[in-house]
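One structure below.
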Amino acid sequence: TLSVTLGELKDLMSALNNRVTTAEQRVSNMEDAQQDISCEMIDLKKQVLDLQAKLDDQENYARWNNVRFIGFPKGVENGKPVKFLQEVLPTLLELPCGTVLDVERAHRSLAPKPADGQRPCPFIVKFLRYPVCEQILTAVKSMGSLQWNGNKIMVFLDLSRELMERKQKFMPVKKILQEKGLKYGLFYPATLKLTCDGETRSFMEPQAAEEFL
């Protein structure tokens, strides 16, 4: 009886051993497959980030001739924003007499309607030629601040939300540079260049610039 029982146990152990071996092989195969999937996921994430960067770059190039004007009260354009801006901007920006602002199109931004007391939606203006944008931005920079009928007017390039957020991250660093009196510039797309001890350095991340300072 003992011999029969031991034989049965031996057969059972052999069967269990085969099942364990099969299970271990399947687990190993699953781990290998999971490793392959993880590598593919990393590659896909990198591709998605690259595509997002290219898409954002294309979006900003499409807006290359766009300028955003903030502060004009609602309704002052009387439904004709192009005519309004062509009449107001030369005087507001003190542009040379005879300056022609070739505006391709202009409209209020498509943001939700602001509540009472909030800043009105800005004008987004697309000029036919980029030199006109440069002329306007140079005039704004030289004048410092703009006022129109008691309203403060601000002028910016029309950039994508992602690029604007990247530029805004450099604000604390720019404040430090101003306090230190260091020469700097924020260049497209979002690269800070500063001159220190006669040497120019470039930073694509504000943390690196902060560590350097």
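Identifiers in the structure tokens: chain A, B, ... in order shown; residue index from 1 per chain; ligand index from 1 in order shown.
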
Given only C-alpha atoms, how would the per-residue table for stretch 43-135 of chain A near stretch 159-170 of chain A read, listing every residue at most 9 Å away with its closest atom pair and distance in Å to one decimal, sorted by chain and number, as a Markdown table?
| residue | atom | partner | partner_atom | distance |
| --- | --- | --- | --- | --- |
| A:Asp56 | CA | A:Ser160 | CA | 7.1 |
| A:Asp57 | CA | A:Leu163 | CA | 8.9 |
| A:Glu59 | CA | A:Ser160 | CA | 6.9 |
| A:Asn60 | CA | A:Leu159 | CA | 5.8 |
| A:Arg63 | CA | A:Leu159 | CA | 6.8 |
| A:Trp64 | CA | A:Leu159 | CA | 8.3 |
| A:Asn66 | CA | A:Leu159 | CA | 8.3 |
| A:Val67 | CA | A:Leu159 | CA | 8.8 |
| A:Arg68 | CA | A:Leu159 | CA | 8.9 |

Please return, as a VMD selection string, all residues of stretch 4-188 of chain A that DSSP assigns to alpha helix (DSSP H) on the basis of the backbone. chain A and resid 4 to 62 81 to 92 130 to 143 161 to 168 171 to 180

Considering only C-alpha atoms, tabulate each residue of stretch 102-200 of chain A that lies at most 9 Å from stretch 204-209 of chain A along with its nearest interatomic pair and the corresponding distance in Å to one decimal; arrange the rows by chain and ascending residue number and present them as CSV.
residue,atom,partner,partner_atom,distance
A:Arg166,CA,A:Glu205,CA,8.7
A:Lys169,CA,A:Pro206,CA,6.6
A:Phe170,CA,A:Pro206,CA,5.4
A:Met171,CA,A:Pro206,CA,8.7
A:Pro172,CA,A:Pro206,CA,8.4
A:Val173,CA,A:Pro206,CA,6.7
A:Ala190,CA,A:Met204,CA,6.4
A:Thr191,CA,A:Met204,CA,4.7
A:Leu192,CA,A:Met204,CA,6.3
A:Lys193,CA,A:Met204,CA,8.9

Write to file, as a compact mmCIF listing (two decimals), in the first residue's frame, the residues of the selection just made, with N, CA, C and O atoms.
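Result written to again_9.txt:
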# COMPACT_ATOMS: atom_id res chain seq x y z
N ARG A 166 5.45 78.81 -21.52
CA ARG A 166 6.89 78.61 -21.42
C ARG A 166 7.62 79.92 -21.20
O ARG A 166 8.58 80.01 -20.42
N LYS A 169 7.26 81.34 -17.58
CA LYS A 169 8.08 80.69 -16.56
C LYS A 169 9.41 81.42 -16.35
O LYS A 169 10.07 81.24 -15.31
N PHE A 170 9.82 82.24 -17.31
CA PHE A 170 11.07 82.98 -17.20
C PHE A 170 10.90 84.31 -16.47
O PHE A 170 11.88 85.03 -16.25
N MET A 171 9.66 84.67 -16.09
CA MET A 171 9.42 85.96 -15.46
C MET A 171 10.25 86.15 -14.19
O MET A 171 10.86 87.22 -14.00
N PRO A 172 10.30 85.19 -13.24
CA PRO A 172 11.13 85.40 -12.03
C PRO A 172 12.60 85.62 -12.36
O PRO A 172 13.26 86.46 -11.74
N VAL A 173 13.12 84.90 -13.38
CA VAL A 173 14.52 85.06 -13.75
C VAL A 173 14.75 86.45 -14.36
O VAL A 173 15.74 87.11 -14.06
N ALA A 190 11.60 80.00 -26.83
CA ALA A 190 11.65 80.42 -25.42
C ALA A 190 13.06 80.15 -24.90
O ALA A 190 13.28 79.26 -24.07
N THR A 191 14.00 80.92 -25.41
CA THR A 191 15.41 80.76 -25.03
C THR A 191 15.91 82.06 -24.43
O THR A 191 15.86 83.11 -25.09
N LEU A 192 16.37 81.99 -23.20
CA LEU A 192 16.90 83.18 -22.51
C LEU A 192 18.39 83.28 -22.78
O LEU A 192 19.14 82.34 -22.53
N LYS A 193 18.81 84.43 -23.29
CA LYS A 193 20.23 84.69 -23.51
C LYS A 193 20.63 85.86 -22.63
O LYS A 193 19.98 86.91 -22.67

Per-residue DSSP, stretch 125-175 of chain A, filtered to strand (DSSP E or B), as a list in words: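 Strand (DSSP E or B) assignments inside stretch 125-175 of chain A correspond to Val125, Lys126, Phe127, Leu146, Gln147, Trp148, Asn151, Lys152, Ile153, Met154, Val155, Phe156 and Leu157 of chain A.
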
As an exercise, work out the distance from atom CA of A:Ala139 to atom CA of A:Arg105 in Å and give it to one decimal place.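 Separation between atom CA of A:Ala139 and atom CA of A:Arg105: 21.0 Å.
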
Could you pull the residues within 7 Å of stretch 148-153 of chain A, counting only C-alpha atoms, minus those fewer than 5 positions along the same chain, as a short mmCIF file (atom, residue, chain, number, x, y, z; two decimals) with C-alpha atoms, in the first residue's frame?
data_model
loop_
_atom_site.label_atom_id
_atom_site.label_comp_id
_atom_site.auth_asym_id
_atom_site.auth_seq_id
_atom_site.Cartn_x
_atom_site.Cartn_y
_atom_site.Cartn_z
CA PHE A 69 -4.02 94.31 -28.76
CA ILE A 70 -5.48 94.25 -25.25
CA GLY A 71 -7.48 97.02 -23.59
CA PHE A 72 -9.75 98.48 -26.25
#
